[in-house]
Amino acid sequence: MTVPRSEHPRVAAWLENFAVSRRDTARLLIDALELISETDLRRELIAATLALLPNLAGPVAAFPAREVSPGESAHAEGRAGRYQLLEPGLPGSEAVLANILTGVLREGGGSAGLLGGHDLESLREHKVRTILLLDDFSGSGSQLIKFHKALRRHKTIRSWTSYHLIEFHVLAYAATDKAARLLRRRFGGDKVHILRACPTFEGAGWTPEQRAEVDALCRASAGRRNKNWALGFRDSCALIAFEHTAPNNLPYILWKVATGWNCLFAYKGVPNDLLRLFTMRPDPPREPLIGSAGAARLSQTMDLLARRVYDAGNIAEVLRVSIAEAERLLRLAHTLGLTNARHRLTDAGRAELKGWRAAHPIRVLPNRDEPYYPKQLRAER
């Protein structure tokens with residue numbers, strides 16, 4: 001039997017940071033977190049990279065995204081240009097991502113065009129045509145863009161780019177909607193590949209009152225000195241943590257370190273005693289049969305479409321499935337004649353949805369006439 005998160009000793013200690021009257025709000029925050037195991041991260045990124053390689057112009061050089069200092073070049077000066085992988089500090093997520101790329105090579109990525117080297121001499125020798133930036137999570141898009149600039153800072157790569165000899169693609173395990181939009185503007189919509197929509201406050205399924213209470217708790221507990229981090233880096237409001245790291249896009253109170261404060265993800269790390277909460281996620285059943293889990297997800301997708309939520313990323317966030325699965329559900333609805341090419345419900349789709357809604361009444365908030373969460377998931381303008 002799975003122990004509730006709030007009963008885990010470290011989580012229970014973290015809840016004691018708050019007054020008893022505010023602990024239910026803190027539980028909302030901790031229960032909304034999506035915890036990604038390293039096994040899931042590796043399995044899904046390796047599979048996605050192997051699936052993507054045949055669609056890229058080869059050869060392909062894949063770089064694990066990393067933090068870079070202002071003005072830093074990813075390669076040393078000179079024609080040979082050694083790649084400065086982990087300098088000047090200790091490795092972070094890029095070490096995990098580099099190991100995942102090693103896994104791609106071991107599973108046949110080399111025969112699909114993936115190169116094993118990153119130095120300019122190696123890229124020139126093999127006449128690289130695509131540079132793939134690999135990341136685990138993008139909350140704002142800024143790290144990937146800064147890393148892209150660091151790669152282009154060397155005159156050789158800048159020259160290859162200006163002569164259209166190479167193109168850049170991005171593959172991220174998860175990203176917020178804000179980051180995805182920024183990356184698509186930077187690289188092009190067809191060059192950004194995101195596996196999962198990052199869960200955020202918007203898609204947590206909270207009522208407006210609960211959302212306001214969580215916001216207030218995060219801001220009050222962050223303090224004046226760290227108020228800019230209260231909702232995470234650039235107010236990302238992210239609700240995702242990985243077995244190897246808790247990103248700073250999470251609300252500050254989740255990774256706060258202070259005297260007299262019971263830390264959860266101290267210094268954005270995941271303590272060993274929390275690792276058992278990061279369990280592997282089973283693949284969702286894919287059958288669209290009546291009465292099956294697949295049919296339920298298809299009906300939920302149609303319900304969101306009826307409420308003008310057309311974006312696959314937003315649908316994935318609500319259903320807690322991958323963006324690829326959300327896209328598959330959209331294609332399935334169209335194939336079955338339930339929607340048209342623009343994802344609008346057909347007469348058949350409206351009839352099916354009417355029957356499903358009758359069997360699954362929608363929770364309506366007090367003193368309101370419409371459901372809450374789909375309104376909050378409409379794409380920003």
# chains A, B, ... in the order shown; residues from 1 in each chain; ligands from 1
$ select_by_dssp --residues "segment 130-303 of chain A" --states "helix (DSSP H, G or I)" --output "number ranges by chain"
A: 142-152, 155-162, 177-187, 189-191, 201-203, 208-222, 227-229, 233-235, 252-254, 266-268, 272-277, 293-303
$ residues_around --residues "Trp255 of chain A" --least-positions-apart "5" --cutoff "6 Å" --atoms "only C-alpha atoms" --output "ChimeraX atom specification"
/A:265-266,268
$ residues_around --residues "segment 103-113 of chain A" --least-positions-apart "2" --cutoff "9 Å" --atoms "only C-alpha atoms" --output "PDB file with C-alpha atoms, in the first residue's frame"
ATOM      1  CA  ARG A  42      16.082   7.839 -19.336  1.00  0.00           C
ATOM      2  CA  LEU A  45      14.342  10.494 -23.653  1.00  0.00           C
ATOM      3  CA  ILE A  46      16.271   7.603 -25.221  1.00  0.00           C
ATOM      4  CA  ALA A  47      13.152   6.428 -27.075  1.00  0.00           C
ATOM      5  CA  THR A  49      15.873  10.634 -29.440  1.00  0.00           C
ATOM      6  CA  LEU A  50      15.997   7.376 -31.390  1.00  0.00           C
ATOM      7  CA  LEU A  53      17.100  10.959 -35.405  1.00  0.00           C
ATOM      8  CA  PRO A  54      15.768   9.538 -38.717  1.00  0.00           C
ATOM      9  CA  LEU A  56      16.896  15.036 -38.823  1.00  0.00           C
ATOM     10  CA  ALA A  57      19.501  15.933 -41.428  1.00  0.00           C
ATOM     11  CA  GLY A  58      22.567  13.928 -40.487  1.00  0.00           C
ATOM     12  CA  PRO A  59      25.088  13.584 -39.123  1.00  0.00           C
ATOM     13  CA  VAL A  60      23.708  14.864 -35.809  1.00  0.00           C
ATOM     14  CA  ALA A  61      25.657  16.212 -32.837  1.00  0.00           C
ATOM     15  CA  ALA A  98      25.247  13.060 -21.311  1.00  0.00           C
ATOM     16  CA  ASN A  99      24.802   9.576 -19.879  1.00  0.00           C
ATOM     17  CA  ILE A 100      21.408   9.338 -21.580  1.00  0.00           C
ATOM     18  CA  LEU A 101      23.054  10.212 -24.905  1.00  0.00           C
ATOM     19  CA  LEU A 115      27.941  11.455 -33.476  1.00  0.00           C
ATOM     20  CA  GLY A 116      29.880  10.648 -30.342  1.00  0.00           C
TER      21      GLY A 116
END
$ select_by_dssp --residues "segment 15-81 of chain A" --states "strand (DSSP E)" --output "list in words"
Glu34, Leu35, Ile36, Val60, Ala61, Ala62, Phe63 and Pro64 of chain A
$ residues_around --residues "Glu317 of chain A" --least-positions-apart "2" --cutoff "7 Å" --atoms "only C-alpha atoms" --output "ChimeraX atom specification"
/A:197-199,203,313-315,319-321
$ atom_distance --atom1 "atom CA of Ala358 of chain A" --atom2 "atom CA of Leu304 of chain A"
15.5 Å
$ closest_residue --among "A:Leu277, A:His126, A:Ser138, A:Gln84" --to "Leu250 of chain A" --atoms "only C-alpha atoms"
A:Ser138
$ atom_distance --atom1 "atom CA of His244 of chain A" --atom2 "atom CA of Val270 of chain A"
6.5 Å
$ closest_residue --among "A:Glu209, A:Asp177, A:Arg184, A:Leu336" --to "Ala312 of chain A" --atoms "only C-alpha atoms"
A:Asp177
$ closest_residue --among "A:Ala316, A:Phe278, A:Thr130, A:Thr25" --to "Ala241 of chain A" --atoms "only C-alpha atoms"
A:Phe278
$ closest_residue --among "A:Ser159, A:Ala348, A:Leu329, A:Gly141" --to "Phe233 of chain A" --atoms "only C-alpha atoms"
A:Gly141
$ atom_distance --atom1 "atom CA of Leu274 of chain A" --atom2 "atom CA of Pro9 of chain A"
9.2 Å
$ closest_residue --among "A:Gly232, A:Gly355, A:Pro70, A:Gly117" --to "Tyr252 of chain A" --atoms "only C-alpha atoms"
A:Gly232
$ residues_around --residues "Ala351 of chain A" --least-positions-apart "3" --cutoff "12 Å" --atoms "only C-alpha atoms" --output "list in words"
Ser299, Met302, Asp303, Ala306, Gly337, Leu338, Thr339, Leu345, Thr346, Asp347, Ala348, Lys354, Gly355, Trp356, Arg357 and Ala358 of chain A
